[in-house]
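Q: Here you go, work.cif (mmCIF, C-alpha atoms):
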data_coords
loop_
_atom_site.label_atom_id
_atom_site.label_comp_id
_atom_site.auth_asym_id
_atom_site.auth_seq_id
_atom_site.Cartn_x
_atom_site.Cartn_y
_atom_site.Cartn_z
CA MET Y 1 0.00 0.00 0.00
CA LYS Y 2 1.35 3.41 -0.94
CA TYR Y 3 -0.53 5.91 1.27
CA SER Y 4 -1.90 5.86 4.80
CA ILE Y 5 -4.12 8.84 5.60
CA ILE Y 6 -4.05 9.59 9.34
CA VAL Y 7 -6.69 11.85 10.91
CA PRO Y 8 -6.84 12.66 14.64
CA VAL Y 9 -10.35 13.60 15.76
CA TYR Y 10 -11.70 15.36 18.82
CA ASN Y 11 -15.48 15.95 19.01
CA ARG Y 12 -15.99 16.58 15.28
CA PRO Y 13 -18.15 13.79 13.81
CA ASP Y 14 -19.84 16.06 11.24
CA GLU Y 15 -16.52 17.24 9.84
CA VAL Y 16 -15.21 13.67 9.68
CA ASP Y 17 -18.30 12.77 7.66
CA GLU Y 18 -17.47 15.43 5.06
CA LEU Y 19 -13.80 14.40 4.91
CA LEU Y 20 -14.61 10.70 4.46
CA ASP Y 21 -17.20 11.52 1.82
CA SER Y 22 -14.56 13.42 -0.16
CA LEU Y 23 -12.20 10.44 0.13
CA THR Y 24 -14.78 8.16 -1.53
CA ARG Y 25 -14.51 10.33 -4.67
CA GLN Y 26 -10.75 10.24 -5.09
CA ALA Y 27 -9.44 9.33 -8.54
CA TYR Y 28 -6.61 7.35 -6.86
CA SER Y 29 -7.35 4.22 -4.86
CA ASP Y 30 -4.11 2.84 -3.34
CA PHE Y 31 -4.63 4.16 0.18
CA GLU Y 32 -6.02 3.39 3.61
CA VAL Y 33 -7.68 5.73 6.13
CA ILE Y 34 -6.87 5.69 9.84
CA ILE Y 35 -9.19 7.67 12.12
CA VAL Y 36 -7.86 8.14 15.66
CA GLU Y 37 -10.54 9.24 18.12
CA ASP Y 38 -8.69 11.24 20.78
CA GLY Y 39 -10.95 10.65 23.77
CA SER Y 40 -13.92 12.52 22.27
CA ALA Y 41 -17.11 13.06 24.26
CA THR Y 42 -18.94 13.07 20.91
CA PRO Y 43 -17.37 10.19 18.98
CA CYS Y 44 -17.43 9.65 15.22
CA LYS Y 45 -17.57 5.84 15.32
CA LYS Y 46 -21.03 5.67 13.72
CA VAL Y 47 -19.88 8.02 10.97
CA CYS Y 48 -16.92 5.76 10.25
CA GLU Y 49 -19.14 2.68 10.20
CA LYS Y 50 -21.18 4.35 7.45
CA TYR Y 51 -18.10 4.31 5.20
CA SER Y 52 -16.77 0.88 6.16
CA ASN Y 53 -17.91 -0.66 2.85
CA SER Y 54 -16.71 2.16 0.61
CA LEU Y 55 -13.32 2.94 2.14
CA PRO Y 56 -10.39 0.89 3.53
CA LEU Y 57 -11.05 2.46 6.92
CA ASN Y 58 -9.63 1.72 10.37
CA TYR Y 59 -11.14 3.38 13.43
CA PHE Y 60 -9.29 3.57 16.76
CA LEU Y 61 -10.44 5.00 20.09
CA LYS Y 62 -7.88 6.10 22.67
CA ALA Y 63 -7.58 8.31 25.75
CA ASN Y 64 -7.10 12.02 25.09
CA SER Y 65 -3.48 13.06 24.58
CA GLY Y 66 -3.61 15.80 21.95
CA PRO Y 67 -3.33 15.71 18.15
CA GLY Y 68 0.41 15.03 17.91
CA GLN Y 69 0.34 11.88 20.02
CA SER Y 70 -2.83 10.72 18.26
CA ARG Y 71 -1.04 11.00 14.91
CA ASN Y 72 1.80 8.92 16.34
CA TYR Y 73 -0.74 6.33 17.49
CA GLY Y 74 -2.12 6.13 13.96
CA ALA Y 75 1.34 6.03 12.39
CA GLU Y 76 2.26 2.98 14.51
CA ARG Y 77 -0.66 1.13 12.92
CA ALA Y 78 -0.21 2.40 9.36
CA LYS Y 79 0.81 0.16 6.44
CA GLY Y 80 1.49 2.73 3.71
CA ASP Y 81 4.87 3.73 2.33
CA TYR Y 82 3.88 7.38 2.87
CA LEU Y 83 1.89 8.83 5.77
CA ILE Y 84 -0.55 11.62 4.87
CA ILE Y 85 -1.48 13.74 7.89
CA LEU Y 86 -4.77 15.63 7.63
CA ASP Y 87 -6.85 17.64 10.10
CA SER Y 88 -10.43 16.52 10.60
CA ASP Y 89 -11.77 19.86 9.34
CA VAL Y 90 -10.47 19.52 5.78
CA VAL Y 91 -12.27 18.38 2.65
CA LEU Y 92 -10.34 16.97 -0.33
CA PRO Y 93 -10.87 17.87 -3.98
CA ASP Y 94 -11.52 14.80 -6.13
CA GLY Y 95 -8.03 14.94 -7.64
CA TYR Y 96 -6.08 15.46 -4.40
CA LEU Y 97 -4.40 12.04 -4.15
CA LYS Y 98 -3.80 11.84 -7.89
CA ALA Y 99 -2.10 15.25 -7.83
CA LEU Y 100 -0.03 14.25 -4.81
CA ASP Y 101 1.07 11.02 -6.47
CA LYS Y 102 2.00 12.88 -9.66
CA GLU Y 103 4.12 15.38 -7.69
CA LEU Y 104 5.96 12.56 -5.93
CA SER Y 105 6.58 10.70 -9.19
CA GLU Y 106 7.99 13.76 -10.95
CA ASN Y 107 10.10 15.07 -8.07
CA PRO Y 108 10.51 12.58 -5.19
CA CYS Y 109 11.12 13.83 -1.67
CA GLU Y 110 10.94 12.56 1.91
CA ALA Y 111 8.40 15.08 3.18
CA PHE Y 112 5.91 17.43 1.59
CA GLY Y 113 2.83 19.55 2.15
CA GLY Y 114 0.17 21.48 0.30
CA ALA Y 115 -1.78 24.69 0.58
CA ASP Y 116 -5.37 25.25 1.68
CA ALA Y 117 -8.32 27.17 0.30
CA SER Y 118 -11.88 28.20 1.08
CA HIS Y 119 -14.77 26.08 -0.24
CA PRO Y 120 -17.82 27.80 -1.80
CA SER Y 121 -20.04 26.20 0.85
CA PHE Y 122 -18.17 27.83 3.74
CA THR Y 123 -19.97 30.51 5.75
CA PRO Y 124 -18.93 34.15 5.25
CA VAL Y 125 -17.05 34.04 8.57
CA GLN Y 126 -15.19 30.87 7.55
CA LYS Y 127 -14.27 32.45 4.22
CA ALA Y 128 -13.05 35.59 5.98
CA ILE Y 129 -10.95 33.51 8.38
CA SER Y 130 -9.56 31.51 5.45
CA TYR Y 131 -8.66 34.77 3.72
CA SER Y 132 -6.86 36.09 6.80
CA MET Y 133 -4.83 32.86 7.06
CA THR Y 134 -3.80 32.77 3.40
CA SER Y 135 -3.47 36.41 2.32
CA PHE Y 136 -0.06 37.91 1.71
CA PHE Y 137 -1.32 41.01 3.57
CA THR Y 138 -1.70 39.07 6.82
CA THR Y 139 0.51 36.02 7.51
CA GLY Y 140 -0.13 33.96 4.39
CA GLY Y 141 3.39 34.79 3.25
CA ILE Y 142 4.81 33.45 6.51
CA ARG Y 143 2.86 30.21 6.30
CA GLY Y 144 4.34 29.28 2.94
CA GLY Y 145 3.13 29.20 -0.63
CA LYS Y 146 4.04 30.51 -4.04
CA ALA Y 147 4.51 34.01 -2.64
CA LYS Y 148 6.09 33.29 0.73
CA LEU Y 149 8.29 35.24 3.11
CA ASP Y 150 9.95 32.23 4.71
CA LYS Y 151 11.05 28.71 3.77
CA PHE Y 152 8.16 26.28 3.38
CA TYR Y 153 7.47 23.91 6.26
CA PRO Y 154 4.48 21.52 6.03
CA ARG Y 155 1.56 22.00 8.41
CA SER Y 156 -0.47 19.18 9.89
CA TYR Y 157 -3.68 20.05 8.05
CA ASN Y 158 -2.03 18.83 4.80
CA MET Y 159 1.28 17.06 5.33
CA GLY Y 160 3.01 13.93 4.05
CA ILE Y 161 6.17 12.03 4.93
CA LYS Y 162 7.84 8.70 4.21
CA ARG Y 163 6.93 6.22 6.91
CA GLU Y 164 10.56 5.25 7.62
CA VAL Y 165 11.50 8.92 8.08
CA TYR Y 166 8.55 9.40 10.43
CA GLN Y 167 9.70 6.41 12.48
CA GLN Y 168 13.33 7.51 12.41
CA LEU Y 169 12.45 10.92 13.86
CA GLY Y 170 9.98 9.56 16.40
CA GLY Y 171 6.99 11.38 14.97
CA PHE Y 172 5.40 14.38 16.65
CA SER Y 173 6.68 15.68 19.99
CA LYS Y 174 4.55 16.36 23.05
CA MET Y 175 4.29 20.06 22.27
CA ARG Y 176 0.64 21.08 22.67
CA PHE Y 177 0.74 23.71 19.92
CA GLY Y 178 3.21 24.16 17.09
CA GLU Y 179 4.00 20.45 17.14
CA ASP Y 180 3.69 20.25 13.35
CA ILE Y 181 6.26 23.02 12.78
CA ASP Y 182 8.53 21.39 15.36
CA PHE Y 183 8.29 18.16 13.39
CA SER Y 184 8.95 19.97 10.10
CA TYR Y 185 12.03 21.62 11.60
CA ARG Y 186 13.32 18.22 12.73
CA ILE Y 187 12.72 16.78 9.26
CA VAL Y 188 14.82 19.52 7.65
CA GLU Y 189 17.48 19.45 10.38
CA ALA Y 190 17.89 15.71 9.77
CA GLY Y 191 18.80 16.49 6.14
CA HIS Y 192 15.62 15.31 4.45
CA LYS Y 193 14.19 17.03 1.39
CA CYS Y 194 10.92 18.86 2.01
CA ARG Y 195 8.74 20.30 -0.79
CA LEU Y 196 5.58 22.29 -1.35
CA PHE Y 197 3.10 20.49 -3.62
CA PRO Y 198 1.05 23.38 -5.06
CA THR Y 199 -1.40 21.09 -6.87
CA ALA Y 200 -2.18 18.95 -3.78
CA TRP Y 201 -4.29 21.48 -1.88
CA VAL Y 202 -7.25 21.03 0.44
CA TRP Y 203 -10.31 22.96 1.56
CA HIS Y 204 -9.75 23.89 5.19
CA LYS Y 205 -12.58 25.01 7.46
CA ARG Y 206 -10.49 26.19 10.44
CA ARG Y 207 -12.69 27.87 13.07
CA THR Y 208 -16.38 28.73 12.74
CA ASP Y 209 -16.36 32.02 14.68
CA LEU Y 210 -13.92 34.80 15.52
CA ARG Y 211 -13.76 33.98 19.24
CA LYS Y 212 -12.50 30.45 18.60
CA PHE Y 213 -10.24 31.80 15.89
CA PHE Y 214 -8.67 34.23 18.38
CA ARG Y 215 -7.86 31.37 20.75
CA GLN Y 216 -6.31 29.37 17.92
CA VAL Y 217 -3.99 32.14 16.75
CA TYR Y 218 -3.21 33.16 20.33
CA ASN Y 219 -1.87 29.66 20.90
CA SER Y 220 0.07 29.89 17.63
CA GLY Y 221 1.79 33.03 18.94
CA ILE Y 222 2.76 31.17 22.10
CA ALA Y 223 4.05 28.29 19.98
CA ARG Y 224 6.38 30.56 18.02
CA ILE Y 225 8.41 31.40 21.15
CA ASN Y 226 8.40 27.76 22.24
CA LEU Y 227 9.65 26.73 18.79
CA GLU Y 228 12.52 29.21 18.98
CA LYS Y 229 13.50 27.77 22.35
CA ARG Y 230 13.51 24.26 20.89
CA HIS Y 231 15.13 25.27 17.61
CA PRO Y 232 17.35 28.34 18.21
CA GLY Y 233 17.75 30.54 15.16
CA THR Y 234 14.52 29.48 13.45
CA MET Y 235 12.66 32.66 14.36
CA LYS Y 236 12.90 35.14 11.51
CA LEU Y 237 11.95 38.79 11.36
CA VAL Y 238 8.73 37.86 9.52
CA HIS Y 239 7.60 35.76 12.49
CA MET Y 240 7.69 38.91 14.64
CA LEU Y 241 5.49 40.97 12.31
CA PRO Y 242 2.18 40.13 14.07
CA MET Y 243 3.71 41.20 17.40
CA VAL Y 244 5.00 44.44 15.84
CA PHE Y 245 1.55 45.01 14.33
CA THR Y 246 -0.10 44.43 17.73
CA VAL Y 247 2.21 46.80 19.59
CA GLY Y 248 1.82 49.36 16.80
CA VAL Y 249 -1.98 49.29 16.90
CA ILE Y 250 -2.00 49.62 20.69
CA ALA Y 251 0.48 52.52 20.50
CA LEU Y 252 -1.64 54.34 17.89
CA ILE Y 253 -4.77 53.95 20.00
CA LEU Y 254 -2.97 55.26 23.10
CA ILE Y 255 -1.67 58.26 21.16
CA SER Y 256 -5.20 58.98 19.97
CA MET Y 257 -6.54 58.70 23.52
CA THR Y 258 -3.84 61.12 24.70
CA GLY Y 259 -4.91 63.59 22.03
CA ARG Y 260 -8.52 63.22 23.13
CA LEU Y 261 -7.55 63.88 26.74
CA LEU Y 262 -5.58 66.99 25.77
CA MET Y 263 -8.56 68.27 23.76
CA HIS Y 264 -10.62 68.09 26.92
CA TYR Y 265 -8.20 70.25 28.94
CA ASP Y 266 -6.88 72.54 26.20
CA ASP Y 267 -7.88 74.10 22.91
CA PRO Y 268 -9.58 71.24 20.98
CA HIS Y 269 -8.37 72.54 17.61
CA LYS Y 270 -4.79 72.45 18.83
CA TRP Y 271 -4.84 68.71 19.61
CA TYR Y 272 -7.36 67.41 17.09
CA TRP Y 273 -4.60 66.11 14.77
CA LEU Y 274 -3.13 64.03 17.62
CA CYS Y 275 -6.53 62.47 18.22
CA ALA Y 276 -7.35 61.74 14.57
CA ALA Y 277 -4.01 61.09 12.81
CA PRO Y 278 -3.20 57.75 14.55
CA TRP Y 279 -6.32 56.20 13.04
CA LEU Y 280 -5.18 56.86 9.47
CA PRO Y 281 -2.78 53.86 9.13
CA ILE Y 282 -5.38 51.60 10.78
CA LEU Y 283 -8.07 52.76 8.37
CA LEU Y 284 -5.75 52.43 5.36
CA TYR Y 285 -4.83 48.87 6.31
CA SER Y 286 -8.50 48.03 6.84
CA LEU Y 287 -9.31 49.44 3.41
CA LEU Y 288 -6.55 47.34 1.84
CA ILE Y 289 -7.93 44.17 3.44
CA PHE Y 290 -11.49 45.06 2.44
CA ILE Y 291 -10.61 45.66 -1.22
CA ASP Y 292 -8.36 42.60 -1.57
CA SER Y 293 -10.77 40.21 0.18
CA THR Y 294 -13.78 41.61 -1.69
CA ILE Y 295 -12.05 41.03 -5.02
CA ARG Y 296 -10.84 37.56 -4.08
CA ASN Y 297 -14.16 36.40 -2.60
CA LYS Y 298 -16.38 38.51 -4.89
CA SER Y 299 -18.32 39.66 -1.85
CA PRO Y 300 -18.22 43.03 -0.02
CA ARG Y 301 -19.75 41.29 3.00
CA ILE Y 302 -16.85 38.86 3.26
CA GLY Y 303 -14.48 41.75 2.61
CA PHE Y 304 -15.92 43.60 5.61
CA ILE Y 305 -15.74 40.53 7.89
CA SER Y 306 -12.17 39.96 6.69
CA ILE Y 307 -11.14 43.23 8.33
CA ALA Y 308 -12.17 41.84 11.72
CA ALA Y 309 -10.61 38.45 10.92
CA ALA Y 310 -7.30 40.04 9.94
CA PHE Y 311 -7.08 42.07 13.17
CA VAL Y 312 -8.11 39.03 15.25
CA GLN Y 313 -5.47 36.92 13.56
CA LEU Y 314 -2.58 39.36 13.78
CA MET Y 315 -3.33 40.68 17.26
CA GLY Y 316 -4.33 37.30 18.68
CA TYR Y 317 -1.00 35.91 17.50
CA GLY Y 318 0.77 39.03 18.75
CA PHE Y 319 -0.70 38.80 22.26
CA GLY Y 320 0.20 35.09 22.48
CA PHE Y 321 3.71 35.88 21.29
CA LEU Y 322 4.12 38.59 23.94
CA GLU Y 323 2.81 36.37 26.74
CA ALA Y 324 5.19 33.57 25.79
CA TRP Y 325 8.10 36.02 25.44
CA TRP Y 326 7.43 37.35 28.94
CA LYS Y 327 7.16 33.91 30.52
CA ARG Y 328 9.89 32.07 28.57
CA CYS Y 329 12.45 34.83 27.85
CA VAL Y 330 12.02 37.28 30.72
CA ARG Y 331 10.90 35.05 33.58
CA LYS Y 332 12.95 32.09 32.23
CA GLN Y 333 10.20 29.52 32.75
CA ASP Y 334 10.38 26.26 30.84
CA GLU Y 335 7.63 25.29 28.41
CA PHE Y 336 5.68 23.03 30.74
CA GLN Y 337 6.01 25.35 33.75
CA ALA Y 338 4.95 28.45 31.79
CA PHE Y 339 1.80 26.89 30.35
CA GLU Y 340 0.96 24.12 32.79
CA LYS Y 341 -2.50 25.51 33.58
CA THR Y 342 -3.25 26.29 29.93
CA PHE Y 343 -1.90 23.30 27.98
CA TYR Y 344 -0.50 20.60 30.24
CA LYS Y 345 -3.00 20.20 33.06
#
Show me, as structure tokens, the structure contained in the file I just sent.
A:
Amino acid sequence: MKYSIIVPVYNRPDEVDELLDSLTRQAYSDFEVIIVEDGSATPCKKVCEKYSNSLPLNYFLKANSGPGQSRNYGAERAKGDYLIILDSDVVLPDGYLKALDKELSENPCEAFGGADASHPSFTPVQKAISYSMTSFFTTGGIRGGKAKLDKFYPRSYNMGIKREVYQQLGGFSKMRFGEDIDFSYRIVEAGHKCRLFPTAWVWHKRRTDLRKFFRQVYNSGIARINLEKRHPGTMKLVHMLPMVFTVGVIALILISMTGRLLMHYDDPHKWYWLCAAPWLPILLYSLLIFIDSTIRNKSPRIGFISIAAAFVQLMGYGFGFLEAWWKRCVRKQDEFQAFEKTFYK
């Protein structure tokens, strides 16, 4: 067998249903599917049973240990030459596996990954979140792609690796967040070739509302500091841009508030510029996001929501980055001590 598709799942039976349905329509058939239920309160066993006759599917239930360890659990039971790691909230185009196999045949490598996109059926909020995660004007260039600001490292929503390389490196670490980038770093550090497969992309739902999205990117900001501690020198200037953006926005708002205060105690006309001017770069950036997202999604509504999604993404990441910097770099706490209550309880 050539490919083993490994999917960790935690309380997402409906999403698993959509993913498995998309796998039944693949133009390539030499694969197996391994679903690892990570201690879910709402299991997807019945969903998997529905596809037992149409897919080479293996379902496993285990105690909760996080996505990284669940992937390792699935990898130990996989039979394919290559392990394909997918998140449960992705849907595959019909030609995904065929495109992946073609890429590997034409330019073999030990590890690889693909991009993600927004499906037409996604809600406006999901499309706005997808835009904020893939646009060059947010952090899409950091994440990797044709127009990227940093070297490409596969992410766990769409990632593949030779099984023997996976076993050699011991799979995913016990990091709670950023474990996929940690694994990608270890793949490259071990001297293995890692490539972006632009034709092997997926539809990725991510989060369904901005509150959950904030928590996700906040944790990603924390992970960036933890990754630098594990892999010194991997943090680039581009990884600090969301933090710089966050500090800049806060500074502009404080300057505006100072101007407002001075207008109250002094001649208002004298300090009006200090109150109004700081909002200009914020408004210009918002306008840029609105125009670009509206054109890409062909919807002014999604363009408007994308403004909020972009600020949530950049500032959520920035706040997480600053918290981790304070705890890990200033207070010198180790990873487990700094986030024991949050991640490792």
Q: Please list as JSON, numbers by chain every residue within 9 Å of Leu61 of chain Y, counting all atoms listed in the file and excluding residues in the same chain fewer than 4 positions away.
A: {"Y": [35, 36, 37, 38, 39, 40, 43, 45]}
Q: Tell me, in Å to one decimal, how far atom CA of Pro232 of chain Y is from atom CA of Phe152 of chain Y.
A: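 Interatomic distance here is 17.6 Å.
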Q: Just to confirm, what's the straight-line distance from atom CA of Met159 of chain Y to atom CA of Arg328 of chain Y in Å (one decimal)?
A: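 Straight-line distance from atom CA of Met159 of chain Y to atom CA of Arg328 of chain Y works out to 29.0 Å.
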Q: Between Y:Gln167, Y:Gln337, Y:Thr123, Y:Gln313, which is the closest to Gln216 of chain Y once you count all atoms listed in the file?
A: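 Nearest to Gln216 of chain Y: Y:Gln313.
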Q: How far is it from atom CA of Asp180 of chain Y to atom CA of Ser293 of chain Y, in Å with one decimal?
A: 27.9 Å
Q: Using all atoms listed in the file for the distances, tell me which of Y:Met1, Y:Ile222, Y:Ala251, Y:Ala115 is nearest to Trp326 of chain Y.
A: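 For Trp326 of chain Y, the nearest of the given residues is Y:Ile222.
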Q: Check which residues satisfy the PyMOL selection byres ((chain Y and resi 204) around 12) in the file shown, then give them as a PDB file with C-alpha atoms, in the coordinates of the input.
A:
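Below you can see out07.pdb, which holds the result:
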ATOM      1  CA  GLU Y  15     -16.520  17.240   9.840  1.00  0.00           C
ATOM      2  CA  GLU Y  18     -17.470  15.430   5.060  1.00  0.00           C
ATOM      3  CA  LEU Y  19     -13.800  14.400   4.910  1.00  0.00           C
ATOM      4  CA  LEU Y  86      -4.770  15.630   7.630  1.00  0.00           C
ATOM      5  CA  ASP Y  87      -6.850  17.640  10.100  1.00  0.00           C
ATOM      6  CA  SER Y  88     -10.430  16.520  10.600  1.00  0.00           C
ATOM      7  CA  ASP Y  89     -11.770  19.860   9.340  1.00  0.00           C
ATOM      8  CA  VAL Y  90     -10.470  19.520   5.780  1.00  0.00           C
ATOM      9  CA  VAL Y  91     -12.270  18.380   2.650  1.00  0.00           C
ATOM     10  CA  LEU Y  92     -10.340  16.970  -0.330  1.00  0.00           C
ATOM     11  CA  PRO Y  93     -10.870  17.870  -3.980  1.00  0.00           C
ATOM     12  CA  GLY Y 114       0.170  21.480   0.300  1.00  0.00           C
ATOM     13  CA  ALA Y 115      -1.780  24.690   0.580  1.00  0.00           C
ATOM     14  CA  ASP Y 116      -5.370  25.250   1.680  1.00  0.00           C
ATOM     15  CA  ALA Y 117      -8.320  27.170   0.300  1.00  0.00           C
ATOM     16  CA  SER Y 118     -11.880  28.200   1.080  1.00  0.00           C
ATOM     17  CA  HIS Y 119     -14.770  26.080  -0.240  1.00  0.00           C
ATOM     18  CA  PRO Y 120     -17.820  27.800  -1.800  1.00  0.00           C
ATOM     19  CA  SER Y 121     -20.040  26.200   0.850  1.00  0.00           C
ATOM     20  CA  PHE Y 122     -18.170  27.830   3.740  1.00  0.00           C
ATOM     21  CA  GLN Y 126     -15.190  30.870   7.550  1.00  0.00           C
ATOM     22  CA  LYS Y 127     -14.270  32.450   4.220  1.00  0.00           C
ATOM     23  CA  ILE Y 129     -10.950  33.510   8.380  1.00  0.00           C
ATOM     24  CA  SER Y 130      -9.560  31.510   5.450  1.00  0.00           C
ATOM     25  CA  TYR Y 131      -8.660  34.770   3.720  1.00  0.00           C
ATOM     26  CA  MET Y 133      -4.830  32.860   7.060  1.00  0.00           C
ATOM     27  CA  THR Y 134      -3.800  32.770   3.400  1.00  0.00           C
ATOM     28  CA  ARG Y 155       1.560  22.000   8.410  1.00  0.00           C
ATOM     29  CA  SER Y 156      -0.470  19.180   9.890  1.00  0.00           C
ATOM     30  CA  TYR Y 157      -3.680  20.050   8.050  1.00  0.00           C
ATOM     31  CA  ASN Y 158      -2.030  18.830   4.800  1.00  0.00           C
ATOM     32  CA  TRP Y 201      -4.290  21.480  -1.880  1.00  0.00           C
ATOM     33  CA  VAL Y 202      -7.250  21.030   0.440  1.00  0.00           C
ATOM     34  CA  TRP Y 203     -10.310  22.960   1.560  1.00  0.00           C
ATOM     35  CA  LYS Y 205     -12.580  25.010   7.460  1.00  0.00           C
ATOM     36  CA  ARG Y 206     -10.490  26.190  10.440  1.00  0.00           C
ATOM     37  CA  ARG Y 207     -12.690  27.870  13.070  1.00  0.00           C
ATOM     38  CA  THR Y 208     -16.380  28.730  12.740  1.00  0.00           C
TER      39      THR Y 208
END
Q: At a cut-off of 12 Å, using all atoms listed in the file, what residues contact Ala111 of chain Y? Leave out same-chain residues fewer than 5 positions from it and give the result as a PyMOL selection string.
A: chain Y and resi 81-85+100+103-104+152-156+158-166+183-188+190-197
Q: On this structure, the PyMOL selection byres ((chain Y and resi 75-78) around 9) would catch which residues? List them as an MDAnalysis selection string, sorted by chain and number.
A: chainID Y and resid 3:6 32:34 70:74 79:81 83 163 166:167 171
Q: With C-alpha atoms retained, write the just-selected residues as a compact mmCIF listing (two decimals), in the frame of the given file.
A:
# COMPACT_ATOMS: atom_id res chain seq x y z
CA TYR Y 3 -0.53 5.91 1.27
CA SER Y 4 -1.90 5.86 4.80
CA ILE Y 5 -4.12 8.84 5.60
CA ILE Y 6 -4.05 9.59 9.34
CA GLU Y 32 -6.02 3.39 3.61
CA VAL Y 33 -7.68 5.73 6.13
CA ILE Y 34 -6.87 5.69 9.84
CA SER Y 70 -2.83 10.72 18.26
CA ARG Y 71 -1.04 11.00 14.91
CA ASN Y 72 1.80 8.92 16.34
CA TYR Y 73 -0.74 6.33 17.49
CA GLY Y 74 -2.12 6.13 13.96
CA LYS Y 79 0.81 0.16 6.44
CA GLY Y 80 1.49 2.73 3.71
CA ASP Y 81 4.87 3.73 2.33
CA LEU Y 83 1.89 8.83 5.77
CA ARG Y 163 6.93 6.22 6.91
CA TYR Y 166 8.55 9.40 10.43
CA GLN Y 167 9.70 6.41 12.48
CA GLY Y 171 6.99 11.38 14.97
Q: I'd like to know which of Y:Pro13, Y:Gly259, Y:Pro268, Y:Gly221 is closest to Trp325 of chain Y, using only C-alpha atoms.
A: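 Of Y:Pro13, Y:Gly259, Y:Pro268, Y:Gly221, the one nearest Trp325 of chain Y is Y:Gly221, counting only C-alpha atoms.
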Q: Translate the PyMOL selection byres ((chain Y and resi 46) around 12) into a concrete residue list for this structure, as a PyMOL selection string.
A: chain Y and resi 13-14+16-17+37+42-45+47-52+59
Q: Go through segment 89-157 of chain Y and flag each residue having an atom no more than 10 Å from segment 279-290 of chain Y; for those, report the closest pair of atoms plus their distance in Å to one decimal, using all atoms listed in the file, ordered by chain and rising number, as JSON lines.
A:
{"residue": "Y:Tyr131", "atom": "CA", "partner": "Y:Ile289", "partner_atom": "CA", "distance": 9.4}
{"residue": "Y:Ser132", "atom": "CA", "partner": "Y:Ile289", "partner_atom": "CA", "distance": 8.8}
{"residue": "Y:Ser135", "atom": "CA", "partner": "Y:Ile289", "partner_atom": "CA", "distance": 9.0}
{"residue": "Y:Phe137", "atom": "CA", "partner": "Y:Ile289", "partner_atom": "CA", "distance": 7.3}
{"residue": "Y:Thr138", "atom": "CA", "partner": "Y:Ile289", "partner_atom": "CA", "distance": 8.7}
Q: Would you mind putting back N, CA, C and O atoms on segment 197-206 of chain Y, then writing it out as a PDB file, in the frame of the given file?
A:
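Generated output (result_0.pdb):
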ATOM      1  N   PHE Y 197       3.829  21.040  -2.477  1.00  0.00           N
ATOM      2  CA  PHE Y 197       3.100  20.490  -3.620  1.00  0.00           C
ATOM      3  C   PHE Y 197       1.934  21.432  -3.924  1.00  0.00           C
ATOM      4  O   PHE Y 197       0.854  21.312  -3.330  1.00  0.00           O
ATOM      5  N   PRO Y 198       2.107  22.385  -4.823  1.00  0.00           N
ATOM      6  CA  PRO Y 198       1.050  23.380  -5.060  1.00  0.00           C
ATOM      7  C   PRO Y 198      -0.243  22.804  -5.617  1.00  0.00           C
ATOM      8  O   PRO Y 198      -1.311  23.400  -5.446  1.00  0.00           O
ATOM      9  N   THR Y 199      -0.182  21.660  -6.286  1.00  0.00           N
ATOM     10  CA  THR Y 199      -1.400  21.090  -6.870  1.00  0.00           C
ATOM     11  C   THR Y 199      -2.159  20.188  -5.890  1.00  0.00           C
ATOM     12  O   THR Y 199      -3.300  19.816  -6.157  1.00  0.00           O
ATOM     13  N   ALA Y 200      -1.534  19.826  -4.771  1.00  0.00           N
ATOM     14  CA  ALA Y 200      -2.180  18.950  -3.780  1.00  0.00           C
ATOM     15  C   ALA Y 200      -2.700  19.801  -2.621  1.00  0.00           C
ATOM     16  O   ALA Y 200      -2.217  19.740  -1.498  1.00  0.00           O
ATOM     17  N   TRP Y 201      -3.739  20.587  -2.893  1.00  0.00           N
ATOM     18  CA  TRP Y 201      -4.290  21.480  -1.880  1.00  0.00           C
ATOM     19  C   TRP Y 201      -5.593  20.919  -1.324  1.00  0.00           C
ATOM     20  O   TRP Y 201      -6.173  19.980  -1.878  1.00  0.00           O
ATOM     21  N   VAL Y 202      -6.030  21.490  -0.215  1.00  0.00           N
ATOM     22  CA  VAL Y 202      -7.250  21.030   0.440  1.00  0.00           C
ATOM     23  C   VAL Y 202      -8.142  22.226   0.764  1.00  0.00           C
ATOM     24  O   VAL Y 202      -7.683  23.373   0.821  1.00  0.00           O
ATOM     25  N   TRP Y 203      -9.419  21.955   0.983  1.00  0.00           N
ATOM     26  CA  TRP Y 203     -10.310  22.960   1.560  1.00  0.00           C
ATOM     27  C   TRP Y 203     -10.229  22.816   3.069  1.00  0.00           C
ATOM     28  O   TRP Y 203     -10.352  21.712   3.607  1.00  0.00           O
ATOM     29  N   HIS Y 204      -9.997  23.928   3.745  1.00  0.00           N
ATOM     30  CA  HIS Y 204      -9.750  23.890   5.190  1.00  0.00           C
ATOM     31  C   HIS Y 204     -10.723  24.804   5.914  1.00  0.00           C
ATOM     32  O   HIS Y 204     -10.721  26.013   5.705  1.00  0.00           O
ATOM     33  N   LYS Y 205     -11.540  24.232   6.789  1.00  0.00           N
ATOM     34  CA  LYS Y 205     -12.580  25.010   7.460  1.00  0.00           C
ATOM     35  C   LYS Y 205     -12.049  25.901   8.584  1.00  0.00           C
ATOM     36  O   LYS Y 205     -12.600  26.948   8.856  1.00  0.00           O
ATOM     37  N   ARG Y 206     -11.028  25.470   9.281  1.00  0.00           N
ATOM     38  CA  ARG Y 206     -10.490  26.190  10.440  1.00  0.00           C
ATOM     39  C   ARG Y 206     -11.592  26.393  11.488  1.00  0.00           C
ATOM     40  O   ARG Y 206     -12.337  25.487  11.790  1.00  0.00           O
TER      41      ARG Y 206
END
